[in-house]
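Novice: Sharing a structure, written as structure tokens. Questions coming.
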Amino acid sequence: MTSLFTQEIHLSKRHEKIVSQRLMLLQKMENKFGDQNTEKASQLLAAETAFKRNLSLLKDIKAAEKSLQSKIHPHPPPEVVSLEARYWASVEEYIPKWKQFLLGQAPYPISVENQNETENTILNEAQ
């Protein structure tokens, strides 16, 4: 009976040791899990901050690019804009005539007389 009693005490001590180790491991797991959550929250905050910073940098870069573009290619003077508009209006006016000529369905669209008249008109407008 003494040996059973001794064995019971030994098993009880061993059980207590195992339970204390289990509690210690559970505590370590909780601490580790808490640390991971804290680290994850910190990473999310850092990612949000980086995203906002990147958006701000992109906005600044686009503004700088726009500023540089306006310095490199300033708006043309009104005379040039007017000339360009008249040029494209003329091109659109003659497209149907040239289209028929290029398709072989009509003669050359500008005669020699018409060409001289056009040149005189251009010279008069230039003066």
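Every chain in the structure tokens takes a letter, A first, then B, and so on in the order presented; its residues are numbered from 1, and the ligands are numbered from 1 following the presented order.
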Using only C-alpha atoms, tabulate the residues of region 31-69 of chain A lying at most 12 Å from any atom of region 13-26 of chain A, each with its closest atom pair and that distance in Å to one decimal, by chain and increasing residue number, as CSV.

Specialist:
residue,atom,partner,partner_atom,distance
A:Asn31,CA,A:Leu26,CA,8.6
A:Lys32,CA,A:Leu26,CA,9.7
A:Phe33,CA,A:Leu26,CA,10.4

Novice: Go ahead and save the picked residues with N, CA, C and O atoms, as an mmCIF file, in the first residue's frame.

Specialist:
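Writing the result to out-v3.cif gives the following:
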data_model
loop_
_atom_site.group_PDB
_atom_site.id
_atom_site.type_symbol
_atom_site.label_atom_id
_atom_site.label_comp_id
_atom_site.auth_asym_id
_atom_site.auth_seq_id
_atom_site.Cartn_x
_atom_site.Cartn_y
_atom_site.Cartn_z
ATOM 1 N N ASN A 31 0.850 35.740 -25.226
ATOM 2 C CA ASN A 31 1.765 36.864 -25.411
ATOM 3 C C ASN A 31 2.209 36.970 -26.871
ATOM 4 O O ASN A 31 2.243 38.063 -27.449
ATOM 5 N N LYS A 32 2.541 35.817 -27.451
ATOM 6 C CA LYS A 32 2.983 35.787 -28.844
ATOM 7 C C LYS A 32 1.863 36.259 -29.768
ATOM 8 O O LYS A 32 2.079 37.066 -30.675
ATOM 9 N N PHE A 33 0.637 35.803 -29.522
ATOM 10 C CA PHE A 33 -0.516 36.195 -30.312
ATOM 11 C C PHE A 33 -0.770 37.694 -30.173
ATOM 12 O O PHE A 33 -1.036 38.383 -31.153
#

Novice: Between CA of Pro77 (chain A) and CA of Val91 (chain A), what is the spacing in Å?

Specialist: 21.4 Å

Novice: Give the alpha helix (DSSP H) residues of region 29-113 of chain A, as assigned by DSSP on the backbone, as number ranges by chain.

Specialist: A: 29-72, 78-102, 112-113

Novice: Could you check how far CA of Ala64 (chain A) sits from CA of Thr49 (chain A), in Å to one decimal?

Specialist: 22.5 Å
